[in-house]
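J.: Handing you a structure now.
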Amino acid sequence: MCIYFRCTLTGKILQFIFFRLVIVNSCQLATSDLLSCQLSKYCIFSRPLNGEKKPSNLSLNVEAFISRRRVNEETVEVVAGRMVEVIWRPVSVDVGWGTLRGKTCTVGGGDAPTLRVVAVHGWLDNANSFDTLAPLLPAGVEVLALDLPGHGLSDHLPPGAHYNLLVHTFNLRTALQELGWGKAVLMAHSMGAAVAVLFAALFPGEVLALVQLDFIQRSRDASRVTSWRTDAATLFRSEEPKDPPAVYTEQEALDRLVASRKSLNRNHDNIDAADAKVLLPRAAARHGDGFLWRHDPRVRATFNSLFGGRAWLEVAAAVRCPVLLVVATKGMCVLPRAEYKAVLDAYRKHTARLDYRLVEGAHHVHLSHPERVAPEVGRFLRAVAADRHQQPSAKL
């Protein structure tokens with residue numbers, strides 16, 4: 001295992017204590033734990049640790065969490081011959097009405113990234129949902145993961161505003177422009193993928209390629225008006241004065257994260273407690289001995305039905321960049337293939353490239369089993385980089 005520590009006194013102390021606590025074998029990739037120690041100035045992510053035993057508590061003023069990662073032969077293929085350490089750096093950007101927050105890293109370290117990837121999370125998730133996948137991406141890839149408005153550590157929209165896919169799209173574009181991120185790959189999950197498709201359709205010159213994780217198209221609603229009424233009622237309820245918000249123990253918060261994502265996944269198992277621990281630091285804030293949810297209650301009113309049916313087909317037909325669809329066998333894209341034919345045909349007709357890949361897993365497979373997703377994403381990113389530089393030896 002290899003861990004990078006900042007060259008600070010705190011970093012040296014952490015390094016000393018950590019290696020006193022953990023015996024490391026860096027030559028094997030069996031099962032793994034992902035240790036993330038988050039301080040005010042930096043975040044640390046490790047290579048897979050050997051064995052199932054978690055390291056002892058560092059007993060410092062450090063918010064640490066452990067994510068158990070499943071590793072198989074596919075992972076070895078992805079990381080063979082290189083380090084997989086990832087050092088996340090916090091990011092905040094003023095978008096006019098408030099601040100979006102997230103983090104960025106370059107896989108494998110280095111100061112000269114070869115490809116930029118913007119990671120866009122799904123509904124009620126946050127930037128941490130890419131923590132297990134990012135270290136398995138090709139070396140040299142620079143990843144930027146932002147919490148969308150009303151999610152994670154990002155600010156809530158002002159009073160009187162509401163959330164929808166276009167609101168997220170426009171704020172994401174503003175953030176990227178403010179950060180100086182030019183043409184990049186959008187790698188997005190679920191609702192975030194819908195945002196990314198809209199982004200690619202509206203601003204084609206700013207998107208190098210599109211990776212959609214368990215999302216093909218907006219689902220059809222039985223009645224748009226009924227759906228709008230439901231969202232409107234949800235929105236107005238969320239704006240009403242309320243009693244003090246509920247405070248949950250850590251276990252209760254983890255259980256609710258697991259249960260809500262099971263419900264989202266048609267009541268099939270989706271994430272486990274270890275995966276929930278990855279999401280928790282940005283999903284909830286400590287409050288005494290418990291946790292309060294960070295998200296804006298108004299995000300539950302999505303108004304997604306505004307973008308369904310024929311409207312979504314027109315959006316898909318406006319995408320021009322290469323597209324990779326990674327679909328989970330037990331995820332959200334489980335309708336008969338004929339239901340997706342129109343959108344897939346639009347991609348085939350208008351985009352530079354369409355790759356469709358089926359992976360075993362549930363809706364959050366990129367978080368729970370990143371080793372199944374990473375090979376497909378890695379091959380696609382290498383192809384995009386090669387096309388971009390018009391040479392097969394592009395450094396990815």
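Naming scheme: A, B, ... for chains in displayed order of the structure tokens; residues 1 onward per chain; ligands 1 onward as shown.
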Counting only C-alpha atoms, which residues in region 362-381 of chain A sit no more than 7 Å from region 265-276 of chain A? For each one, give the nearest pair of atoms and the distance in Å, sorted by chain then residue number, as JSON lines.
T.:
{"residue": "A:Ala362", "atom": "CA", "partner": "A:Asn270", "partner_atom": "CA", "distance": 5.3}
{"residue": "A:His363", "atom": "CA", "partner": "A:Asn265", "partner_atom": "CA", "distance": 6.2}
{"residue": "A:His364", "atom": "CA", "partner": "A:Asn270", "partner_atom": "CA", "distance": 6.2}
{"residue": "A:Leu367", "atom": "CA", "partner": "A:Asp275", "partner_atom": "CA", "distance": 6.8}
{"residue": "A:Ser368", "atom": "CA", "partner": "A:Ile271", "partner_atom": "CA", "distance": 6.0}
J.: Skip Leu280 (chain A) itself and residues of its chain fewer than 4 positions away, then list as a list in words all residues within 8 Å of it, counting only C-alpha atoms.
T.: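 Answer for this query is Ala253, Leu254, Ala276 and Ala284 of chain A.
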J.: What are the DSSP strand (DSSP E) residues of region 114-339 of chain A, as a JSON list (two decimals) with C-alpha atoms, in the first residue's frame?
T.:
[["chain", "number", "residue", "atom", "x", "y", "z"],
["A", 115, "LEU", "CA", -7.65, 14.22, -19.48],
["A", 116, "ARG", "CA", -10.20, 16.07, -17.39],
["A", 117, "VAL", "CA", -13.29, 14.27, -16.08],
["A", 118, "VAL", "CA", -16.19, 16.03, -14.34],
["A", 119, "ALA", "CA", -18.02, 13.58, -12.05],
["A", 120, "VAL", "CA", -21.70, 14.43, -11.52],
["A", 141, "VAL", "CA", -6.96, 11.56, -15.35],
["A", 142, "GLU", "CA", -7.93, 14.69, -13.41],
["A", 143, "VAL", "CA", -11.29, 14.30, -11.67],
["A", 144, "LEU", "CA", -13.52, 17.12, -10.45],
["A", 145, "ALA", "CA", -16.50, 16.07, -8.33],
["A", 146, "LEU", "CA", -18.89, 18.81, -7.22],
["A", 184, "ALA", "CA", -13.93, 17.87, -20.44],
["A", 185, "VAL", "CA", -15.50, 14.43, -20.17],
["A", 186, "LEU", "CA", -18.73, 14.32, -18.16],
["A", 187, "MET", "CA", -18.99, 11.11, -16.12],
["A", 188, "ALA", "CA", -22.34, 11.08, -14.40],
["A", 189, "HIS", "CA", -24.71, 8.80, -12.49],
["A", 207, "VAL", "CA", -18.04, 18.41, -23.71],
["A", 208, "LEU", "CA", -15.35, 16.04, -24.93],
["A", 209, "ALA", "CA", -17.30, 12.86, -24.17],
["A", 210, "LEU", "CA", -20.17, 11.57, -22.04],
["A", 211, "VAL", "CA", -20.19, 8.61, -19.62],
["A", 212, "GLN", "CA", -23.68, 7.71, -18.36],
["A", 213, "LEU", "CA", -23.76, 5.40, -15.34],
["A", 284, "ALA", "CA", -24.95, 14.59, 7.00],
["A", 285, "ALA", "CA", -23.43, 17.03, 9.47],
["A", 286, "ARG", "CA", -22.52, 16.19, 13.02],
["A", 287, "HIS", "CA", -24.90, 17.66, 15.59],
["A", 290, "GLY", "CA", -25.87, 12.63, 16.16],
["A", 291, "PHE", "CA", -26.25, 13.68, 12.54],
["A", 292, "LEU", "CA", -28.45, 16.10, 10.61],
["A", 293, "TRP", "CA", -29.06, 15.72, 6.87],
["A", 323, "VAL", "CA", -21.10, 8.38, -25.45],
["A", 324, "LEU", "CA", -20.55, 5.42, -23.11],
["A", 325, "LEU", "CA", -23.59, 3.85, -21.46],
["A", 326, "VAL", "CA", -22.77, 1.62, -18.47],
["A", 327, "VAL", "CA", -25.99, -0.14, -17.49],
["A", 328, "ALA", "CA", -26.44, -2.21, -14.31],
["A", 329, "THR", "CA", -28.24, -5.55, -14.63],
["A", 330, "LYS", "CA", -30.30, -4.82, -11.50]]
J.: For CA of Arg337 (chain A) and CA of Arg379 (chain A), determine how far apart the two atoms are, in Å to one decimal place.
T.: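 The value is 24.2 Å.
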J.: To one decimal in Å, tell me the separation between CA of Gln217 (chain A) and CA of Leu133 (chain A).
T.: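 Calculated distance between CA of Gln217 (chain A) and CA of Leu133 (chain A) is 22.9 Å.
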J.: Between A:Ser92, A:Ser223, A:Asn126, A:Thr99, single out the one closest to Val278 (chain A), counting only C-alpha atoms.
T.: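 Smallest distance to Val278 (chain A) is found for A:Asn126.
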J.: Taking a cut-off of 10 Å and counting only C-alpha atoms, can you build a table that, for each residue of region 253-316 of chain A near region 338-348 of chain A, reports the nearest atom pair and how far apart they are in Å (one decimal), sorted by chain then residue number, as JSON lines?
T.:
{"residue": "A:Arg310", "atom": "CA", "partner": "A:Ala342", "partner_atom": "CA", "distance": 9.8}
{"residue": "A:Trp312", "atom": "CA", "partner": "A:Val343", "partner_atom": "CA", "distance": 8.2}
{"residue": "A:Leu313", "atom": "CA", "partner": "A:Val343", "partner_atom": "CA", "distance": 5.8}
{"residue": "A:Glu314", "atom": "CA", "partner": "A:Ala346", "partner_atom": "CA", "distance": 8.6}
{"residue": "A:Val315", "atom": "CA", "partner": "A:Val343", "partner_atom": "CA", "distance": 9.2}
{"residue": "A:Ala316", "atom": "CA", "partner": "A:Val343", "partner_atom": "CA", "distance": 6.2}
J.: Can you work out which one of A:Pro281, A:Pro90, A:Trp97, A:Ala139 has the shortest atom-to-atom distance to Pro113 (chain A), counting only C-alpha atoms?
T.: A:Ala139
J.: Enumerate, in order of chain and increasing residue number, the residues of region 247-307 of chain A with an atom no farther than 7 Å from region 153-162 of chain A, each with its shortest atom pair and distance in Å to one decimal, counting only C-alpha atoms, as JSON lines.
T.:
{"residue": "A:Arg282", "atom": "CA", "partner": "A:Leu153", "partner_atom": "CA", "distance": 6.0}
{"residue": "A:Asp296", "atom": "CA", "partner": "A:His156", "partner_atom": "CA", "distance": 5.9}
{"residue": "A:Arg298", "atom": "CA", "partner": "A:His162", "partner_atom": "CA", "distance": 6.7}
J.: I need the residue nearest Arg229 (chain A) from this list: A:Ala301, A:Ala311, A:Ala318, A:Ala127. Use only C-alpha atoms for the distance.
T.: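 Among the listed residues, A:Ala301 lies closest to Arg229 (chain A).
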J.: Mind pulling up the distance from CA of Cys321 (chain A) to CA of Thr351 (chain A)?
T.: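 Interatomic distance, CA of Thr351 (chain A) to CA of Cys321 (chain A): 5.3 Å.
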J.: Residues at most 10 Å from Val107 (chain A), counting only C-alpha atoms, excluding those fewer than 2 positions away in the same chain, as a list in words?
T.: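 Here the qualifying residues turn out to be Met83, Val84, Glu85, Val86, Ile87, Trp88, Thr104, Cys105, Gly109, Gly110, Pro113, Ala134, Pro135, Leu136, Leu137, Pro138, Ala139, Gly140, Val141, Glu142 and Val143 of chain A.
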J.: What's the 7 Å shell around region 231-243 of chain A, counting only C-alpha atoms, without same-chain residues fewer than 2 positions away, as a list in words?
T.: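 The residues satisfying every condition are Ser227, Trp228, Arg229, Pro245, Pro297, Arg298, Arg300, Ala301, Thr302 and Phe303 of chain A.
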